[in-house]
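S.K.: Once you've had a glance at the structure underneath, I'll fire off some questions.
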Amino acid sequence: AMNVRAASTFIKDKAYINGEWVLADSGSTFDVINPANGKVLGTVPDCGETEMKRAIDCAHTAFYQWRDRSPKERSAILRKWYDLIVENHEELAKVITAENGKPLADARGEMAYGTSFVEWYAEEAKRIQGDTIQSSAANKRLMVIKQPVGVAGMITPWNFPNAMITRKAAPALAAGCTVVLKPAEDTPFSALALCELAEQAGVPAGVLNVVTASRNNTPAVGKVMCKSEKVMKISFTGSSGVGKILMEQSGSTVKRMSMELGGNAPFIVFNSANLDQAVAGAMNCKFRCSGQTCICANRIMVQEGIHDQFVAAFKTAIGSLKIGDGFVDGTTQGPLIHSKAVDKAEEHVKDAVSKGACIAIGGKRVSSLGDNYYEPTLLTDISTQMLCTQEETFGPVAPIMKFKDEEEALRIANSTNVGLAGYFFSNDIAQIFRVAEKLEVGMVGINEGIISGVEIPFGGIKESGIGREGGKYGIEEYLESKYLCFGGV
Ligand code: ADP
């Protein structure tokens, strides 16, 4: 309870539409649960179609003012938003830990990451540039100008309750778009806290709207967003299944889409790898946020010559992880988001063991801590027949496959219909180029397990998504190129 009070200024119990804190017309609400202990943190409105339509109408009206503000004005407001978020960094990190469960140190890391997008796009707001083009005709002059796409609808996941919002909303607002956001039902408080600070920063009414909805109401609310003729763009981060639904629903209005969907990241350790680097990379990229990031290593492949050493060192490192409530000092592994997530980890381990895998460490729930805890787990003797190599586990389970040569590793790595991140460790320069170019993913970590950052194009290929977030690429998702042809010159 102490932890909730510590974060209480930012525990809002209303949705934020057109600059007002509002309840659902129906008056219904739903509970937000702390995954560390199952206790209710608070309630938020269970909005439906009516509230979503209202938010879209307001964002649409606000768009015509916001788009006409000067880039410098938009930049100054975003900068103020950034300053306020930085000022409240610690409080906001506590909100993340309270609703998501990740250790406070990870929540602080997320805040630093999330905040960097607001800073970056406050700067980028002033650097939106078009082109002039030499015409093939002597009497024409050609120009391309950039304009905001319009109202942007956003749906975000619970695994980065703050950063997945700023990574979308900051470039959208910088470009001159207005935003209607439906945050994950598990983690609405981080979204609402950002609205509070946006308002203080001078973001005008209707420019940033947050419509909270329970899992029950979400499909209807999402459908309104996709079908609306006033929404010009959908940006979604979440599962591939839901991404496909949103794409289908958006077909009738030909929306611009940005999709950050699931991955099944290969993590390959070649014989020439530096063992310490590879183990550190695997620890960072498998166990951060208890394995609940879309770029977490999902299939770890280790070449025969280094396999046994790698397994031994990785096992020792995993043994040093500390599982518990994210607010407790020294915790490195918090709870998973809910017990269904634990069920999935458990199912993947059981399936692997039934097909011949060995548990090197972990492999059990930690019921003494609560319903949502699963031990950091290392599995060996993994084959491609096992579920844990076919689907994203999204939990703290590290399965290791042994492979013979580069060709086999690439064949296995690419034999999936998703392609978000991939990682490999090698000190053979020719191999590094070959593998980096051949991995069918949007992002590659080479001798590195932490690849995210504000300046890079985050995104995937295949069914992992469409579009890129971050850096100079991220703002393009919210801009149209309009071509102007001047004749009779
Ligand atoms: P997860 O399984 O990790 O919760 P989801 O893709 O289900 O991932 O959730 C990501 C976001 O998508 C959440 O905000 C969730 O509420 C939302 N969502 C889930 N189902 C739908 C749907 N049918 N339409 C629109 N949004 C949805």
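A note on labels: chains of the structure tokens are A, B, ... as shown, every chain counts residues from 1, and ligands are counted from 1 in their shown order.
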Ligand 1: which residues are within 6 Å, counting only C-alpha atoms and all ligand atoms? Reply as a ChimeraX atom specification.
M.R.: /A:155-157,183-185,215,218-219,222,238-239,242
S.K.: With N, CA and C atoms retained, export the selected residues as a compact mmCIF listing (two decimals), in the first residue's frame.
M.R.:
# COMPACT_ATOMS: atom_id res chain seq x y z
N ILE A 155 -3.01 2.55 -30.20
CA ILE A 155 -3.33 1.50 -29.23
C ILE A 155 -2.01 0.92 -28.75
N THR A 156 -1.82 0.91 -27.44
CA THR A 156 -0.50 0.56 -26.90
C THR A 156 -0.59 -0.62 -25.92
N PRO A 157 0.54 -1.31 -25.72
CA PRO A 157 0.58 -2.49 -24.86
C PRO A 157 1.00 -2.15 -23.43
N PRO A 183 -4.93 3.14 -24.19
CA PRO A 183 -3.80 2.42 -23.58
C PRO A 183 -4.22 1.00 -23.19
N ALA A 184 -3.24 0.16 -22.92
CA ALA A 184 -3.53 -1.21 -22.46
C ALA A 184 -4.36 -1.15 -21.19
N GLU A 185 -5.32 -2.04 -21.10
CA GLU A 185 -6.20 -2.04 -19.92
C GLU A 185 -5.44 -2.37 -18.62
N ARG A 215 -10.90 -4.88 -21.21
CA ARG A 215 -10.70 -5.85 -22.29
C ARG A 215 -12.02 -6.16 -23.00
N THR A 218 -12.82 -3.19 -25.32
CA THR A 218 -11.74 -2.80 -26.23
C THR A 218 -12.03 -3.11 -27.71
N PRO A 219 -12.52 -4.30 -28.05
CA PRO A 219 -12.74 -4.56 -29.48
C PRO A 219 -13.70 -3.54 -30.12
N GLY A 222 -11.90 -0.16 -30.36
CA GLY A 222 -10.89 -0.21 -31.41
C GLY A 222 -11.52 -0.15 -32.80
N GLY A 238 1.58 -4.25 -30.28
CA GLY A 238 0.94 -5.35 -29.56
C GLY A 238 1.11 -6.64 -30.32
N SER A 239 0.18 -7.54 -30.12
CA SER A 239 0.33 -8.87 -30.71
C SER A 239 -0.01 -8.87 -32.20
N VAL A 242 -3.89 -9.18 -32.97
CA VAL A 242 -4.67 -7.95 -32.89
C VAL A 242 -4.27 -7.00 -34.03
S.K.: Tell me, which residues of segment 281-323 of chain A carry DSSP strand (DSSP E or B), written as a PyMOL selection string?
M.R.: chain A and resi 297-303+323
S.K.: Export N, CA and C atoms of the chosen residues as a PDB file, in the first residue's frame?
M.R.:
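Just written: again.pdb:
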ATOM      1  N   ALA A 297      15.275 -12.152 -26.742  1.00  0.00           N
ATOM      2  CA  ALA A 297      15.703 -13.377 -27.403  1.00  0.00           C
ATOM      3  C   ALA A 297      14.656 -14.450 -27.146  1.00  0.00           C
ATOM      4  N   ASN A 298      14.222 -15.131 -28.191  1.00  0.00           N
ATOM      5  CA  ASN A 298      13.258 -16.209 -27.982  1.00  0.00           C
ATOM      6  C   ASN A 298      13.865 -17.572 -28.309  1.00  0.00           C
ATOM      7  N   ARG A 299      14.743 -17.573 -29.315  1.00  0.00           N
ATOM      8  CA  ARG A 299      15.394 -18.832 -29.691  1.00  0.00           C
ATOM      9  C   ARG A 299      16.901 -18.631 -29.601  1.00  0.00           C
ATOM     10  N   ILE A 300      17.509 -19.228 -28.614  1.00  0.00           N
ATOM     11  CA  ILE A 300      18.953 -19.082 -28.459  1.00  0.00           C
ATOM     12  C   ILE A 300      19.623 -20.275 -29.132  1.00  0.00           C
ATOM     13  N   MET A 301      20.506 -19.964 -30.084  1.00  0.00           N
ATOM     14  CA  MET A 301      21.179 -21.039 -30.832  1.00  0.00           C
ATOM     15  C   MET A 301      22.671 -20.912 -30.587  1.00  0.00           C
ATOM     16  N   VAL A 302      23.284 -22.017 -30.203  1.00  0.00           N
ATOM     17  CA  VAL A 302      24.702 -21.958 -29.874  1.00  0.00           C
ATOM     18  C   VAL A 302      25.447 -23.031 -30.667  1.00  0.00           C
ATOM     19  N   GLN A 303      26.548 -22.601 -31.287  1.00  0.00           N
ATOM     20  CA  GLN A 303      27.324 -23.529 -32.127  1.00  0.00           C
ATOM     21  C   GLN A 303      28.036 -24.572 -31.258  1.00  0.00           C
ATOM     22  N   ILE A 323      14.283 -12.755  -7.866  1.00  0.00           N
ATOM     23  CA  ILE A 323      12.870 -12.605  -8.235  1.00  0.00           C
ATOM     24  C   ILE A 323      12.070 -12.069  -7.042  1.00  0.00           C
TER      25      ILE A 323
END
S.K.: Neighbouring residues of Ser452 of chain A were defined as those with any atom within 10 Å, considering only C-alpha atoms; residues of the same chain fewer than 2 positions away were excluded. Please report them as a ChimeraX atom specification.
M.R.: /A:113,295,443,445,449-450,454-458,470
S.K.: Env of Leu197 of chain A: 10 Å cut, atoms = only C-alpha atoms, seq-sep filter 6 positions within chain, self excluded. Answer as a list in words.
M.R.: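 The contact residues come out as Phe10, Lys80, Trp81, Tyr82, Asp83, Leu84, Ile85, Asn88 and Val203 of chain A.
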S.K.: Please indicate the distance in Å from atom CA of Ser383 of chain A to atom CA of Glu346 of chain A, rounded to one decimal place.
M.R.: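 So the two atoms, atom CA of Ser383 of chain A and atom CA of Glu346 of chain A, lie 17.4 Å apart.
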S.K.: If you count only C-alpha atoms, which residues fall within 8 Å of segment 463-466 of chain A, apart from same-chain ones fewer than 3 positions away, as a list in words?
M.R.: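 Within the cut-off, the hits are Ser240, Met257, Ser258, Met259, Glu260, Leu261, Gly262, Gly263, Asn417, Val418, Gly419, Leu420, Gly459 and Gly460 of chain A.
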S.K.: Between A:Lys472, A:Lys146, A:Tyr373, A:Asp325, which residue has the minimum interatomic distance to Glu123 of chain A, considering only C-alpha atoms?
M.R.: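 For Glu123 of chain A, the nearest of the given residues is A:Lys472.
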S.K.: For atom CA of Phe433 of chain A and atom CA of Gly281 of chain A, quote the distance in Å rounded to one decimal.
M.R.: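 If I compute the distance from atom CA of Phe433 of chain A to atom CA of Gly281 of chain A, I get 19.1 Å.
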S.K.: Tell me, as JSON, numbers by chain, which residues lie within 10 Å of Phe403 of chain A, counting only C-alpha atoms; anything in the same chain fewer than 3 positions away does not count.
M.R.: {"A": [268, 269, 270, 301, 302, 303, 304, 305, 307, 400, 406, 407, 408, 409, 412]}
S.K.: Just C-alpha atoms for this one: save the residues we selected as a PDB file, in the first residue's frame.
M.R.:
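Written output follows (selection_12.pdb):
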ATOM      1  CA  ILE A 268      22.978 -16.911 -32.278  1.00  0.00           C
ATOM      2  CA  VAL A 269      26.324 -17.589 -30.641  1.00  0.00           C
ATOM      3  CA  PHE A 270      29.020 -18.680 -33.093  1.00  0.00           C
ATOM      4  CA  MET A 301      21.179 -21.039 -30.832  1.00  0.00           C
ATOM      5  CA  VAL A 302      24.702 -21.958 -29.874  1.00  0.00           C
ATOM      6  CA  GLN A 303      27.324 -23.529 -32.127  1.00  0.00           C
ATOM      7  CA  GLU A 304      28.738 -26.902 -31.081  1.00  0.00           C
ATOM      8  CA  GLY A 305      32.234 -25.657 -30.232  1.00  0.00           C
ATOM      9  CA  HIS A 307      27.802 -24.727 -26.557  1.00  0.00           C
ATOM     10  CA  ILE A 400      19.017 -23.362 -26.171  1.00  0.00           C
ATOM     11  CA  GLU A 406      26.274 -20.958 -40.184  1.00  0.00           C
ATOM     12  CA  GLU A 407      23.963 -22.243 -42.869  1.00  0.00           C
ATOM     13  CA  GLU A 408      21.964 -24.295 -40.382  1.00  0.00           C
ATOM     14  CA  ALA A 409      21.759 -21.363 -37.942  1.00  0.00           C
ATOM     15  CA  ILE A 412      16.506 -22.031 -38.433  1.00  0.00           C
TER      16      ILE A 412
END
S.K.: Identify which of the residues A:Ala138, A:Ile361, A:Met52, A:Val149 lies closest to Ala175 of chain A, counting only C-alpha atoms when measuring atom-to-atom distances.
M.R.: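 Checking each of A:Ala138, A:Ile361, A:Met52, A:Val149 against Ala175 of chain A, counting only C-alpha atoms, the winner is A:Val149.
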S.K.: Using only C-alpha atoms, which residue out of A:Asp405, A:Glu437, A:Asp57, A:Glu49 lies closest to Val151 of chain A?
M.R.: A:Asp57
S.K.: How many Å lie between atom CA of Ile128 of chain A and atom CA of Val180 of chain A, rounded to one decimal?
M.R.: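 Separation between atom CA of Ile128 of chain A and atom CA of Val180 of chain A: 22.6 Å.
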S.K.: From the options A:Ala112, A:Pro335, A:Ala312, A:Thr389, which residue's atoms come nearest to Glu87 of chain A, counting only C-alpha atoms?
M.R.: A:Ala112
